[in-house]
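Trainee: I have a structure here, written as structure tokens, and I will follow up with some questions on it.
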Amino acid sequence: METPFEQDDYFKIDVEAHLIGDMKHIDYFPGVQAWWKGIAGTSRMLLLNVPEEYAIQPEEMDKRDQPEDLIELMDHYGVDMACLLPESMMDTTGYATRWSTNGALIEARDRFPDRFILVPNVGPIIQRGVNNAIWELEYLVKERDARMVKFYPPEDAPINDPRLWPFYEKVNELGIPVAIHTGWCWVPPGKSINCLPVLLDEVATAFPEMNIIAFHMGWPYPHDLNMVGMTHPNVYLSLSVLVPWALTAPARFAEIIGEALRFVGPERIIWGVDFAGFPIQIKAAVVGLREFQIPDETRRLYGYPPLTEEDKAKIFGQNLGKLLGVDTSKRIIKI
């Protein structure tokens, strides 16, 4: 990364970073091929209309899938820490195999313990058996310092499926947050109906002490998610994957973050990249939030509060740092 990048003072924690690795050994599955076609559509939707001053360079679309690659990119773009999440995506292989494992990411975290936070995915929970998922989660939290767990409903069961209650009870007992994919599946063959934000309402009611991080702002149903967050103080809203719209679709992003600020407040909004190996994802997420302001006329029309520098600091890292026990008062990277 030879091109200089403008740094800032925000302590940043990416709530969602994936190290998928080499997938050539599973590319023959039709579900995997369909998944990548879905990603192509998602990429177009997010990156169409990039401003000239942030034009995508060829190297920013080159896949970087090793732990040291991610560290290099974090240093370059000014990201202090990243939550490492393995992808199961077993629905793409007919539940024959996972894409990446918790063990592989433990190894990566152990190589860079001051930069990476372990966030396992012990699913698909119903498919493998709730008791098996609970056993692994408890081991990973108590023995391997996992700080959070991800649940991916599209490959498994609806967010409010009663069979998941023992899993949520264990998460609550362990005192860690649960990150849940909400909104649309984005990629086939997952079931989007399993992750509708309104389903969180029942879970947040049943487990008021369990902190829930709703990934992707519940898109395309952010209003539903804002209502859940307004009602339940244990629900946090994650901007992961959507921040590039701050550059490519600023009016849309103004509504997303403006509604979240109005309904939930800056203390429960969390920044994220949803890194899948491409440098442009980190660049767009950093620049997007850092440079964004809600236009005055939009604020007047919709009653949005201003997006202040203090708000950005909370969203970039302070809010998540409090949930995960990370001291965000001093930057890790040198700026």
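In the structure tokens, each chain is lettered A, B, ... as it comes, each chain's residues begin at 1, and ligands are numbered from 1 in order of appearance.
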Can you tell me, as a PyMOL selection string, what residues are no more than 8 Å from region 174-177 of chain A when counting only C-alpha atoms, ignoring any on the same chain fewer than 6 positions away?
Mentor: chain A and resi 138+141+147-149+210-213+323-324
Trainee: If you count only C-alpha atoms, which residues fall within 10 Å of Glu107 (chain A), apart from same-chain ones fewer than 5 positions away, as a PDB file with C-alpha atoms, in the first residue's frame?
Mentor:
ATOM      1  CA  PRO A  67      -4.072 -12.358   8.634  1.00  0.00           C
ATOM      2  CA  ASN A 102     -13.225 -20.937  14.592  1.00  0.00           C
ATOM      3  CA  PHE A 112      -1.945 -10.591  16.558  1.00  0.00           C
ATOM      4  CA  PRO A 113      -3.654 -10.518  19.960  1.00  0.00           C
ATOM      5  CA  LEU A 118     -12.210 -13.447  18.413  1.00  0.00           C
TER       6      LEU A 118
END
Trainee: Just checking: using only C-alpha atoms, which residue out of A:Ala34, A:Ile256, A:Ile332, A:Leu47 ends up closest to Phe116 (chain A)?
Mentor: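 Using only C-alpha atoms, the shortest distance to Phe116 (chain A) belongs to A:Ile332.
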Trainee: What's the 9 Å shell around Ser88 (chain A), counting only C-alpha atoms, without same-chain residues fewer than 6 positions away, as JSON, numbers by chain?
Mentor: {"A": [97, 98, 99, 100, 101, 121, 122, 123, 124, 152, 155]}
Trainee: I need the residues from that last selection saved to file as an mmCIF file, in the first residue's frame (with N, CA and C atoms), if you can.
Mentor:
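again31.cif was written with the following content:
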data_model
loop_
_atom_site.group_PDB
_atom_site.id
_atom_site.type_symbol
_atom_site.label_atom_id
_atom_site.label_comp_id
_atom_site.auth_asym_id
_atom_site.auth_seq_id
_atom_site.Cartn_x
_atom_site.Cartn_y
_atom_site.Cartn_z
ATOM 1 N N THR A 97 -19.701 -28.836 4.405
ATOM 2 C CA THR A 97 -18.480 -28.299 5.002
ATOM 3 C C THR A 97 -18.635 -26.808 5.236
ATOM 4 N N ARG A 98 -17.843 -26.275 6.162
ATOM 5 C CA ARG A 98 -17.806 -24.840 6.432
ATOM 6 C C ARG A 98 -16.811 -24.164 5.498
ATOM 7 N N TRP A 99 -16.962 -22.838 5.370
ATOM 8 C CA TRP A 99 -15.988 -22.059 4.619
ATOM 9 C C TRP A 99 -14.733 -21.806 5.443
ATOM 10 N N SER A 100 -14.909 -21.451 6.692
ATOM 11 C CA SER A 100 -13.767 -21.207 7.580
ATOM 12 C C SER A 100 -14.149 -21.626 8.986
ATOM 13 N N THR A 101 -13.151 -21.838 9.818
ATOM 14 C CA THR A 101 -13.399 -22.417 11.132
ATOM 15 C C THR A 101 -13.016 -21.462 12.247
ATOM 16 N N ASN A 121 -18.394 -18.152 15.245
ATOM 17 C CA ASN A 121 -19.703 -18.516 14.717
ATOM 18 C C ASN A 121 -19.840 -20.013 14.989
ATOM 19 N N VAL A 122 -20.761 -20.368 15.882
ATOM 20 C CA VAL A 122 -20.910 -21.777 16.255
ATOM 21 C C VAL A 122 -22.100 -22.417 15.549
ATOM 22 N N GLY A 123 -22.608 -21.767 14.518
ATOM 23 C CA GLY A 123 -23.722 -22.307 13.766
ATOM 24 C C GLY A 123 -23.271 -23.211 12.640
ATOM 25 N N PRO A 124 -24.243 -23.723 11.887
ATOM 26 C CA PRO A 124 -25.682 -23.520 12.062
ATOM 27 C C PRO A 124 -26.207 -24.239 13.305
ATOM 28 N N TYR A 152 -26.017 -16.454 12.381
ATOM 29 C CA TYR A 152 -26.355 -16.173 10.981
ATOM 30 C C TYR A 152 -27.652 -16.905 10.622
ATOM 31 N N GLU A 155 -28.914 -19.304 7.142
ATOM 32 C CA GLU A 155 -28.571 -20.706 6.892
ATOM 33 C C GLU A 155 -29.167 -21.641 7.934
#
Trainee: Taking 5 positions as the minimum chain separation for residues in the same chain, which residues sit within 8 Å of Ser192 (chain A) when counting only C-alpha atoms? Answer as a ChimeraX atom specification.
Mentor: /A:154,183-186
Trainee: Quick one: residues within 12 Å of Ile333 (chain A), only C-alpha atoms counted, chain neighbours fewer than 5 positions away excluded, as a PyMOL selection string?
Mentor: chain A and resi 7-13+71-81+114-115+328
